[in-house]
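Peer 1: My questions will all concern the structure given below.
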Amino acid sequence: MKRLAHLFENNRHWANAVKARDPAFFETLARQQSPEYLWIGCSDSRVPANEIVNLLPGELFVHRNVANVVVHSDLNCLSVIQYAVEVLKVKHIIVCGHYRCGGVAAAMEGFGHGLVDNWLGHIRDVEERHHLQIEGIQSPMAQLDRMCELNVIEQVANVCSTTVAGSAWAAGSPLTVHGWIYDVGDGLLRDLGICVSDQEELRNEYAKAVESVARN
Ligand code: CO
């Protein structure tokens, strides 16, 4: 148990099952990956990126962190975006949050969680920006869910204002940034109505998404 043998056992079963379906799968994949999508999602174990959109290894480039935050000084996330856009030539970046996100909930509670509170400061900024909308919602659970949506919308805007997205658009490369949210309660994705394909679209798409509510 200490060496987690059961996970290696699971891995052998999985690799065999994949090979049974497609004998050349790993050989082909080892030569190159050519995903069309970059997924920026939450680290939450209930939101496994490839699985919920039913994509195979090689089809989705993934970056996950607590509460799917895109910060302009985060070299980790920025490097993933740069590699995905400039080298892999992904055409779509999907920022996907999820309802009942523990990171967003912790940010809304304020301080007292230790180091992670510094990271969650980015989400407290989102709350501050939209405090009138949030305060207008009655139930705390609905407030949290709306904050999860608004956080995605803000992170889409952050992706769009990276140098990487700006350079891609300036060069005429096709790149669309999407804002989605996943419901761990029913396994379904929802589009938050923000879909940006060039710098000029951002302002309108952002305003529209902030005004609308994806889930009734
Ligand atoms: Co989360």
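We name chains A, B, ... following the order of the structure tokens; residues begin at 1 in each chain, and ligands are numbered from 1 as shown.
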What lies within 9 Å of Pro35 of chain A using only C-alpha atoms, ignoring chain neighbours under 4 positions off, as a VMD selection string?
Peer 2: chain A and resid 57 to 61 84 88 to 91
Peer 1: Enumerate residues in contact with ligand 1: an atom-to-atom distance of at most 7 Å, counting only C-alpha atoms and all ligand atoms. Format the result as a list of chain:residue names.
Peer 2: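 The residues within 7 Å of ligand 1, counting only C-alpha atoms and all ligand atoms, are A:Cys42, A:Ser43, A:Asp44, A:Val66, A:Ala67, A:Gly97, A:His98, A:Cys101, A:Gly102, A:Gly103, A:Val104.
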Peer 1: Near His72 of chain A, counting only C-alpha atoms, which residues have an atom at most 9 Å away, once you skip same-chain residues fewer than 5 positions from it, shown as a list in words?
Peer 2: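 Residues near the query, excluding close chain neighbours: Cys77, Leu78, Asn158, Val159, Ser161 and Thr162 of chain A.
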Peer 1: Neighbours of Ile52 of chain A within 12 Å (only C-alpha atoms; same-chain residues fewer than 6 positions away dropped), as a list in words?
Peer 2: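 The neighbour list is Trp39, Gly41, Ser45, Arg46, Leu60, Cys96, His98, Ile181, Tyr182, Asp183, Val184, Asp186, Gly187, Leu188, Leu189 and Arg190 of chain A.
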Peer 1: In Å, with one decimal, what is the gap from atom CA of Val85 of chain A to atom CA of Gly166 of chain A?
Peer 2: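 Atom CA of Gly166 of chain A lies at a distance of 11.0 Å from atom CA of Val85 of chain A.
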Peer 1: Run DSSP on the backbone and tell me which residues of segment 112-209 of chain A come out as helix (DSSP H, G or I); list them as a PDB file with N, CA, C and O atoms, in the first residue's frame.
Peer 2:
```pdb
ATOM      1  N   VAL A 116      -2.608  30.090   1.312  1.00  0.00           N
ATOM      2  CA  VAL A 116      -3.494  30.151   0.134  1.00  0.00           C
ATOM      3  C   VAL A 116      -4.298  31.450   0.077  1.00  0.00           C
ATOM      4  O   VAL A 116      -4.739  31.875  -0.987  1.00  0.00           O
ATOM      5  N   ASP A 117      -4.452  32.124   1.224  1.00  0.00           N
ATOM      6  CA  ASP A 117      -5.185  33.405   1.224  1.00  0.00           C
ATOM      7  C   ASP A 117      -4.531  34.426   0.290  1.00  0.00           C
ATOM      8  O   ASP A 117      -5.221  35.291  -0.260  1.00  0.00           O
ATOM      9  N   ASN A 118      -3.220  34.313   0.109  1.00  0.00           N
ATOM     10  CA  ASN A 118      -2.536  35.245  -0.801  1.00  0.00           C
ATOM     11  C   ASN A 118      -2.978  35.003  -2.246  1.00  0.00           C
ATOM     12  O   ASN A 118      -3.188  35.928  -3.015  1.00  0.00           O
ATOM     13  N   TRP A 119      -3.090  33.722  -2.597  1.00  0.00           N
ATOM     14  CA  TRP A 119      -3.567  33.347  -3.934  1.00  0.00           C
ATOM     15  C   TRP A 119      -5.029  33.765  -4.117  1.00  0.00           C
ATOM     16  O   TRP A 119      -5.425  34.285  -5.158  1.00  0.00           O
ATOM     17  N   LEU A 120      -5.814  33.542  -3.055  1.00  0.00           N
ATOM     18  CA  LEU A 120      -7.253  33.822  -3.128  1.00  0.00           C
ATOM     19  C   LEU A 120      -7.552  35.322  -3.163  1.00  0.00           C
ATOM     20  O   LEU A 120      -8.678  35.726  -3.450  1.00  0.00           O
ATOM     21  N   GLY A 121      -6.528  36.134  -2.898  1.00  0.00           N
ATOM     22  CA  GLY A 121      -6.697  37.584  -3.005  1.00  0.00           C
ATOM     23  C   GLY A 121      -7.189  37.984  -4.386  1.00  0.00           C
ATOM     24  O   GLY A 121      -7.948  38.947  -4.540  1.00  0.00           O
ATOM     25  N   HIS A 122      -6.797  37.205  -5.400  1.00  0.00           N
ATOM     26  CA  HIS A 122      -7.258  37.518  -6.762  1.00  0.00           C
ATOM     27  C   HIS A 122      -8.769  37.336  -6.878  1.00  0.00           C
ATOM     28  O   HIS A 122      -9.427  38.021  -7.657  1.00  0.00           O
ATOM     29  N   ILE A 123      -9.300  36.415  -6.103  1.00  0.00           N
ATOM     30  CA  ILE A 123     -10.757  36.183  -6.148  1.00  0.00           C
ATOM     31  C   ILE A 123     -11.489  37.208  -5.274  1.00  0.00           C
ATOM     32  O   ILE A 123     -12.583  37.649  -5.617  1.00  0.00           O
ATOM     33  N   ARG A 124     -10.835  37.630  -4.177  1.00  0.00           N
ATOM     34  CA  ARG A 124     -11.444  38.721  -3.395  1.00  0.00           C
ATOM     35  C   ARG A 124     -11.521  39.992  -4.243  1.00  0.00           C
ATOM     36  O   ARG A 124     -12.455  40.777  -4.121  1.00  0.00           O
ATOM     37  N   ASP A 125     -10.556  40.180  -5.154  1.00  0.00           N
ATOM     38  CA  ASP A 125     -10.625  41.331  -6.079  1.00  0.00           C
ATOM     39  C   ASP A 125     -11.857  41.221  -6.988  1.00  0.00           C
ATOM     40  O   ASP A 125     -12.516  42.223  -7.268  1.00  0.00           O
ATOM     41  N   VAL A 126     -12.141  39.993  -7.438  1.00  0.00           N
ATOM     42  CA  VAL A 126     -13.322  39.779  -8.300  1.00  0.00           C
ATOM     43  C   VAL A 126     -14.587  40.131  -7.511  1.00  0.00           C
ATOM     44  O   VAL A 126     -15.484  40.814  -7.998  1.00  0.00           O
ATOM     45  N   GLU A 127     -14.630  39.681  -6.254  1.00  0.00           N
ATOM     46  CA  GLU A 127     -15.791  39.952  -5.403  1.00  0.00           C
ATOM     47  C   GLU A 127     -15.963  41.450  -5.187  1.00  0.00           C
ATOM     48  O   GLU A 127     -17.075  41.984  -5.231  1.00  0.00           O
ATOM     49  N   GLU A 128     -14.850  42.125  -4.981  1.00  0.00           N
ATOM     50  CA  GLU A 128     -14.890  43.574  -4.750  1.00  0.00           C
ATOM     51  C   GLU A 128     -15.439  44.290  -5.990  1.00  0.00           C
ATOM     52  O   GLU A 128     -16.284  45.185  -5.893  1.00  0.00           O
ATOM     53  N   ARG A 129     -14.985  43.853  -7.166  1.00  0.00           N
ATOM     54  CA  ARG A 129     -15.420  44.489  -8.409  1.00  0.00           C
ATOM     55  C   ARG A 129     -16.920  44.323  -8.633  1.00  0.00           C
ATOM     56  O   ARG A 129     -17.559  45.190  -9.198  1.00  0.00           O
ATOM     57  N   HIS A 131     -19.296  43.605  -6.155  1.00  0.00           N
ATOM     58  CA  HIS A 131     -19.957  43.440  -4.855  1.00  0.00           C
ATOM     59  C   HIS A 131     -21.435  43.810  -4.886  1.00  0.00           C
ATOM     60  O   HIS A 131     -22.248  43.191  -4.204  1.00  0.00           O
ATOM     61  N   LEU A 132     -21.817  44.777  -5.730  1.00  0.00           N
ATOM     62  CA  LEU A 132     -23.237  45.160  -5.778  1.00  0.00           C
ATOM     63  C   LEU A 132     -24.085  44.000  -6.300  1.00  0.00           C
ATOM     64  O   LEU A 132     -25.154  43.704  -5.759  1.00  0.00           O
ATOM     65  N   GLN A 133     -23.591  43.345  -7.357  1.00  0.00           N
ATOM     66  CA  GLN A 133     -24.325  42.207  -7.915  1.00  0.00           C
ATOM     67  C   GLN A 133     -24.416  41.054  -6.901  1.00  0.00           C
ATOM     68  O   GLN A 133     -25.461  40.455  -6.709  1.00  0.00           O
ATOM     69  N   ILE A 134     -23.308  40.797  -6.226  1.00  0.00           N
ATOM     70  CA  ILE A 134     -23.280  39.681  -5.261  1.00  0.00           C
ATOM     71  C   ILE A 134     -24.191  39.973  -4.069  1.00  0.00           C
ATOM     72  O   ILE A 134     -24.955  39.119  -3.610  1.00  0.00           O
ATOM     73  N   GLU A 135     -24.120  41.212  -3.576  1.00  0.00           N
ATOM     74  CA  GLU A 135     -24.947  41.564  -2.408  1.00  0.00           C
ATOM     75  C   GLU A 135     -26.433  41.543  -2.749  1.00  0.00           C
ATOM     76  O   GLU A 135     -27.286  41.386  -1.869  1.00  0.00           O
ATOM     77  N   PRO A 140     -26.717  32.550   0.387  1.00  0.00           N
ATOM     78  CA  PRO A 140     -25.249  32.467   0.353  1.00  0.00           C
ATOM     79  C   PRO A 140     -24.763  31.472  -0.704  1.00  0.00           C
ATOM     80  O   PRO A 140     -23.731  31.692  -1.334  1.00  0.00           O
ATOM     81  N   MET A 141     -25.516  30.370  -0.922  1.00  0.00           N
ATOM     82  CA  MET A 141     -25.090  29.381  -1.906  1.00  0.00           C
ATOM     83  C   MET A 141     -25.184  29.961  -3.316  1.00  0.00           C
ATOM     84  O   MET A 141     -24.305  29.734  -4.148  1.00  0.00           O
ATOM     85  N   ALA A 142     -26.258  30.731  -3.570  1.00  0.00           N
ATOM     86  CA  ALA A 142     -26.403  31.366  -4.883  1.00  0.00           C
ATOM     87  C   ALA A 142     -25.341  32.448  -5.070  1.00  0.00           C
ATOM     88  O   ALA A 142     -24.843  32.661  -6.186  1.00  0.00           O
ATOM     89  N   GLN A 143     -24.973  33.107  -3.984  1.00  0.00           N
ATOM     90  CA  GLN A 143     -23.885  34.103  -4.063  1.00  0.00           C
ATOM     91  C   GLN A 143     -22.584  33.417  -4.458  1.00  0.00           C
ATOM     92  O   GLN A 143     -21.840  33.905  -5.309  1.00  0.00           O
ATOM     93  N   LEU A 144     -22.314  32.269  -3.824  1.00  0.00           N
ATOM     94  CA  LEU A 144     -21.089  31.530  -4.138  1.00  0.00           C
ATOM     95  C   LEU A 144     -21.098  31.092  -5.605  1.00  0.00           C
ATOM     96  O   LEU A 144     -20.103  31.255  -6.321  1.00  0.00           O
ATOM     97  N   ASP A 145     -22.220  30.558  -6.063  1.00  0.00           N
ATOM     98  CA  ASP A 145     -22.274  30.070  -7.439  1.00  0.00           C
ATOM     99  C   ASP A 145     -22.103  31.212  -8.442  1.00  0.00           C
ATOM    100  O   ASP A 145     -21.427  31.053  -9.464  1.00  0.00           O
ATOM    101  N   ARG A 146     -22.689  32.359  -8.145  1.00  0.00           N
ATOM    102  CA  ARG A 146     -22.514  33.503  -9.048  1.00  0.00           C
ATOM    103  C   ARG A 146     -21.056  33.986  -9.016  1.00  0.00           C
ATOM    104  O   ARG A 146     -20.493  34.365 -10.047  1.00  0.00           O
ATOM    105  N   MET A 147     -20.446  33.929  -7.848  1.00  0.00           N
ATOM    106  CA  MET A 147     -19.033  34.308  -7.763  1.00  0.00           C
ATOM    107  C   MET A 147     -18.170  33.343  -8.587  1.00  0.00           C
ATOM    108  O   MET A 147     -17.189  33.758  -9.214  1.00  0.00           O
ATOM    109  N   CYS A 148     -18.539  32.064  -8.599  1.00  0.00           N
ATOM    110  CA  CYS A 148     -17.798  31.083  -9.410  1.00  0.00           C
ATOM    111  C   CYS A 148     -17.899  31.466 -10.878  1.00  0.00           C
ATOM    112  O   CYS A 148     -16.920  31.375 -11.627  1.00  0.00           O
ATOM    113  N   GLU A 149     -19.087  31.923 -11.304  1.00  0.00           N
ATOM    114  CA  GLU A 149     -19.275  32.346 -12.692  1.00  0.00           C
ATOM    115  C   GLU A 149     -18.481  33.624 -12.985  1.00  0.00           C
ATOM    116  O   GLU A 149     -17.768  33.707 -13.998  1.00  0.00           O
ATOM    117  N   LEU A 150     -18.612  34.602 -12.107  1.00  0.00           N
ATOM    118  CA  LEU A 150     -17.920  35.881 -12.336  1.00  0.00           C
ATOM    119  C   LEU A 150     -16.407  35.693 -12.339  1.00  0.00           C
ATOM    120  O   LEU A 150     -15.680  36.347 -13.099  1.00  0.00           O
ATOM    121  N   ASN A 151     -15.934  34.773 -11.515  1.00  0.00           N
ATOM    122  CA  ASN A 151     -14.494  34.495 -11.486  1.00  0.00           C
ATOM    123  C   ASN A 151     -14.023  33.987 -12.852  1.00  0.00           C
ATOM    124  O   ASN A 151     -12.986  34.422 -13.358  1.00  0.00           O
ATOM    125  N   VAL A 152     -14.801  33.110 -13.465  1.00  0.00           N
ATOM    126  CA  VAL A 152     -14.438  32.611 -14.806  1.00  0.00           C
ATOM    127  C   VAL A 152     -14.399  33.772 -15.799  1.00  0.00           C
ATOM    128  O   VAL A 152     -13.446  33.911 -16.581  1.00  0.00           O
ATOM    129  N   ILE A 153     -15.427  34.616 -15.753  1.00  0.00           N
ATOM    130  CA  ILE A 153     -15.513  35.738 -16.698  1.00  0.00           C
ATOM    131  C   ILE A 153     -14.288  36.658 -16.550  1.00  0.00           C
ATOM    132  O   ILE A 153     -13.676  37.069 -17.538  1.00  0.00           O
ATOM    133  N   GLU A 154     -13.902  36.921 -15.307  1.00  0.00           N
ATOM    134  CA  GLU A 154     -12.715  37.763 -15.069  1.00  0.00           C
ATOM    135  C   GLU A 154     -11.439  37.082 -15.573  1.00  0.00           C
ATOM    136  O   GLU A 154     -10.548  37.740 -16.114  1.00  0.00           O
ATOM    137  N   GLN A 155     -11.370  35.763 -15.399  1.00  0.00           N
ATOM    138  CA  GLN A 155     -10.144  35.068 -15.826  1.00  0.00           C
ATOM    139  C   GLN A 155     -10.063  34.987 -17.352  1.00  0.00           C
ATOM    140  O   GLN A 155      -8.978  35.003 -17.934  1.00  0.00           O
ATOM    141  N   VAL A 156     -11.217  34.925 -18.011  1.00  0.00           N
ATOM    142  CA  VAL A 156     -11.219  34.993 -19.482  1.00  0.00           C
ATOM    143  C   VAL A 156     -10.636  36.348 -19.905  1.00  0.00           C
ATOM    144  O   VAL A 156      -9.775  36.415 -20.796  1.00  0.00           O
ATOM    145  N   ALA A 157     -11.091  37.411 -19.251  1.00  0.00           N
ATOM    146  CA  ALA A 157     -10.565  38.744 -19.572  1.00  0.00           C
ATOM    147  C   ALA A 157      -9.055  38.792 -19.335  1.00  0.00           C
ATOM    148  O   ALA A 157      -8.306  39.379 -20.125  1.00  0.00           O
ATOM    149  N   ASN A 158      -8.609  38.142 -18.261  1.00  0.00           N
ATOM    150  CA  ASN A 158      -7.164  38.122 -17.986  1.00  0.00           C
ATOM    151  C   ASN A 158      -6.392  37.378 -19.075  1.00  0.00           C
ATOM    152  O   ASN A 158      -5.315  37.816 -19.483  1.00  0.00           O
ATOM    153  N   VAL A 159      -6.937  36.269 -19.551  1.00  0.00           N
ATOM    154  CA  VAL A 159      -6.268  35.541 -20.647  1.00  0.00           C
ATOM    155  C   VAL A 159      -6.160  36.456 -21.857  1.00  0.00           C
ATOM    156  O   VAL A 159      -5.106  36.547 -22.503  1.00  0.00           O
ATOM    157  N   CYS A 160      -7.264  37.150 -22.154  1.00  0.00           N
ATOM    158  CA  CYS A 160      -7.302  37.999 -23.357  1.00  0.00           C
ATOM    159  C   CYS A 160      -6.301  39.155 -23.286  1.00  0.00           C
ATOM    160  O   CYS A 160      -5.872  39.650 -24.323  1.00  0.00           O
ATOM    161  N   THR A 163       0.127  39.084 -23.066  1.00  0.00           N
ATOM    162  CA  THR A 163       0.908  39.408 -24.275  1.00  0.00           C
ATOM    163  C   THR A 163       0.763  38.293 -25.309  1.00  0.00           C
ATOM    164  O   THR A 163       0.799  38.549 -26.510  1.00  0.00           O
ATOM    165  N   VAL A 164       0.591  37.054 -24.826  1.00  0.00           N
ATOM    166  CA  VAL A 164       0.513  35.919 -25.754  1.00  0.00           C
ATOM    167  C   VAL A 164      -0.734  36.024 -26.624  1.00  0.00           C
ATOM    168  O   VAL A 164      -0.655  35.900 -27.856  1.00  0.00           O
ATOM    169  N   ALA A 165      -1.893  36.282 -25.999  1.00  0.00           N
ATOM    170  CA  ALA A 165      -3.124  36.414 -26.775  1.00  0.00           C
ATOM    171  C   ALA A 165      -3.026  37.635 -27.688  1.00  0.00           C
ATOM    172  O   ALA A 165      -3.371  37.571 -28.874  1.00  0.00           O
ATOM    173  N   GLY A 166      -2.516  38.741 -27.143  1.00  0.00           N
ATOM    174  CA  GLY A 166      -2.387  39.969 -27.936  1.00  0.00           C
ATOM    175  C   GLY A 166      -1.523  39.756 -29.168  1.00  0.00           C
ATOM    176  O   GLY A 166      -1.884  40.162 -30.284  1.00  0.00           O
ATOM    177  N   SER A 167      -0.390  39.061 -28.998  1.00  0.00           N
ATOM    178  CA  SER A 167       0.513  38.823 -30.128  1.00  0.00           C
ATOM    179  C   SER A 167      -0.131  37.894 -31.148  1.00  0.00           C
ATOM    180  O   SER A 167       0.021  38.086 -32.358  1.00  0.00           O
ATOM    181  N   ALA A 168      -0.846  36.871 -30.663  1.00  0.00           N
ATOM    182  CA  ALA A 168      -1.499  35.929 -31.584  1.00  0.00           C
ATOM    183  C   ALA A 168      -2.514  36.680 -32.438  1.00  0.00           C
ATOM    184  O   ALA A 168      -2.551  36.515 -33.665  1.00  0.00           O
ATOM    185  N   TRP A 169      -3.313  37.526 -31.798  1.00  0.00           N
ATOM    186  CA  TRP A 169      -4.334  38.262 -32.542  1.00  0.00           C
ATOM    187  C   TRP A 169      -3.697  39.273 -33.497  1.00  0.00           C
ATOM    188  O   TRP A 169      -4.150  39.432 -34.624  1.00  0.00           O
ATOM    189  N   ALA A 170      -2.624  39.928 -33.033  1.00  0.00           N
ATOM    190  CA  ALA A 170      -1.951  40.908 -33.903  1.00  0.00           C
ATOM    191  C   ALA A 170      -1.394  40.224 -35.155  1.00  0.00           C
ATOM    192  O   ALA A 170      -1.342  40.812 -36.234  1.00  0.00           O
ATOM    193  N   GLN A 199      -9.171  41.267 -29.698  1.00  0.00           N
ATOM    194  CA  GLN A 199      -9.105  42.238 -28.608  1.00  0.00           C
ATOM    195  C   GLN A 199     -10.356  43.132 -28.554  1.00  0.00           C
ATOM    196  O   GLN A 199     -10.840  43.467 -27.478  1.00  0.00           O
ATOM    197  N   GLU A 200     -10.883  43.473 -29.740  1.00  0.00           N
ATOM    198  CA  GLU A 200     -12.029  44.392 -29.784  1.00  0.00           C
ATOM    199  C   GLU A 200     -13.296  43.765 -29.209  1.00  0.00           C
ATOM    200  O   GLU A 200     -14.164  44.461 -28.699  1.00  0.00           O
ATOM    201  N   GLU A 201     -13.395  42.438 -29.319  1.00  0.00           N
ATOM    202  CA  GLU A 201     -14.605  41.758 -28.838  1.00  0.00           C
ATOM    203  C   GLU A 201     -14.689  41.700 -27.314  1.00  0.00           C
ATOM    204  O   GLU A 201     -15.763  41.517 -26.766  1.00  0.00           O
ATOM    205  N   LEU A 202     -13.543  41.819 -26.680  1.00  0.00           N
ATOM    206  CA  LEU A 202     -13.500  41.566 -25.242  1.00  0.00           C
ATOM    207  C   LEU A 202     -14.488  42.420 -24.455  1.00  0.00           C
ATOM    208  O   LEU A 202     -15.260  41.914 -23.648  1.00  0.00           O
ATOM    209  N   ARG A 203     -14.481  43.723 -24.702  1.00  0.00           N
ATOM    210  CA  ARG A 203     -15.290  44.621 -23.875  1.00  0.00           C
ATOM    211  C   ARG A 203     -16.780  44.255 -23.913  1.00  0.00           C
ATOM    212  O   ARG A 203     -17.422  44.144 -22.877  1.00  0.00           O
ATOM    213  N   ASN A 204     -17.305  44.036 -25.117  1.00  0.00           N
ATOM    214  CA  ASN A 204     -18.725  43.688 -25.267  1.00  0.00           C
ATOM    215  C   ASN A 204     -19.060  42.339 -24.669  1.00  0.00           C
ATOM    216  O   ASN A 204     -20.069  42.170 -23.987  1.00  0.00           O
ATOM    217  N   GLU A 205     -18.225  41.363 -24.978  1.00  0.00           N
ATOM    218  CA  GLU A 205     -18.469  40.001 -24.494  1.00  0.00           C
ATOM    219  C   GLU A 205     -18.422  39.963 -22.962  1.00  0.00           C
ATOM    220  O   GLU A 205     -19.224  39.304 -22.315  1.00  0.00           O
ATOM    221  N   TYR A 206     -17.474  40.709 -22.409  1.00  0.00           N
ATOM    222  CA  TYR A 206     -17.325  40.774 -20.955  1.00  0.00           C
ATOM    223  C   TYR A 206     -18.574  41.398 -20.334  1.00  0.00           C
ATOM    224  O   TYR A 206     -19.167  40.854 -19.399  1.00  0.00           O
ATOM    225  N   ALA A 207     -18.995  42.549 -20.888  1.00  0.00           N
ATOM    226  CA  ALA A 207     -20.150  43.265 -20.327  1.00  0.00           C
ATOM    227  C   ALA A 207     -21.407  42.398 -20.399  1.00  0.00           C
ATOM    228  O   ALA A 207     -22.171  42.305 -19.440  1.00  0.00           O
ATOM    229  N   LYS A 208     -21.585  41.722 -21.527  1.00  0.00           N
ATOM    230  CA  LYS A 208     -22.749  40.867 -21.732  1.00  0.00           C
ATOM    231  C   LYS A 208     -22.765  39.721 -20.701  1.00  0.00           C
ATOM    232  O   LYS A 208     -23.783  39.428 -20.089  1.00  0.00           O
ATOM    233  N   ALA A 209     -21.619  39.105 -20.509  1.00  0.00           N
ATOM    234  CA  ALA A 209     -21.542  37.954 -19.598  1.00  0.00           C
ATOM    235  C   ALA A 209     -21.752  38.380 -18.143  1.00  0.00           C
ATOM    236  O   ALA A 209     -22.393  37.679 -17.360  1.00  0.00           O
TER     237      ALA A 209
END
```
Peer 1: Among the residues of chain A, find those DSSP assigns to strand (DSSP E) from the backbone and print them as a ChimeraX atom specification.
Peer 2: /A:37-42,60-65,92-98,176-183,188-196
Peer 1: Calculate how many Å separate atom CA of Cys195 of chain A from atom CA of Ile40 of chain A, rounding to one decimal.
Peer 2: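 If I compute the distance from atom CA of Cys195 of chain A to atom CA of Ile40 of chain A, I get 14.6 Å.
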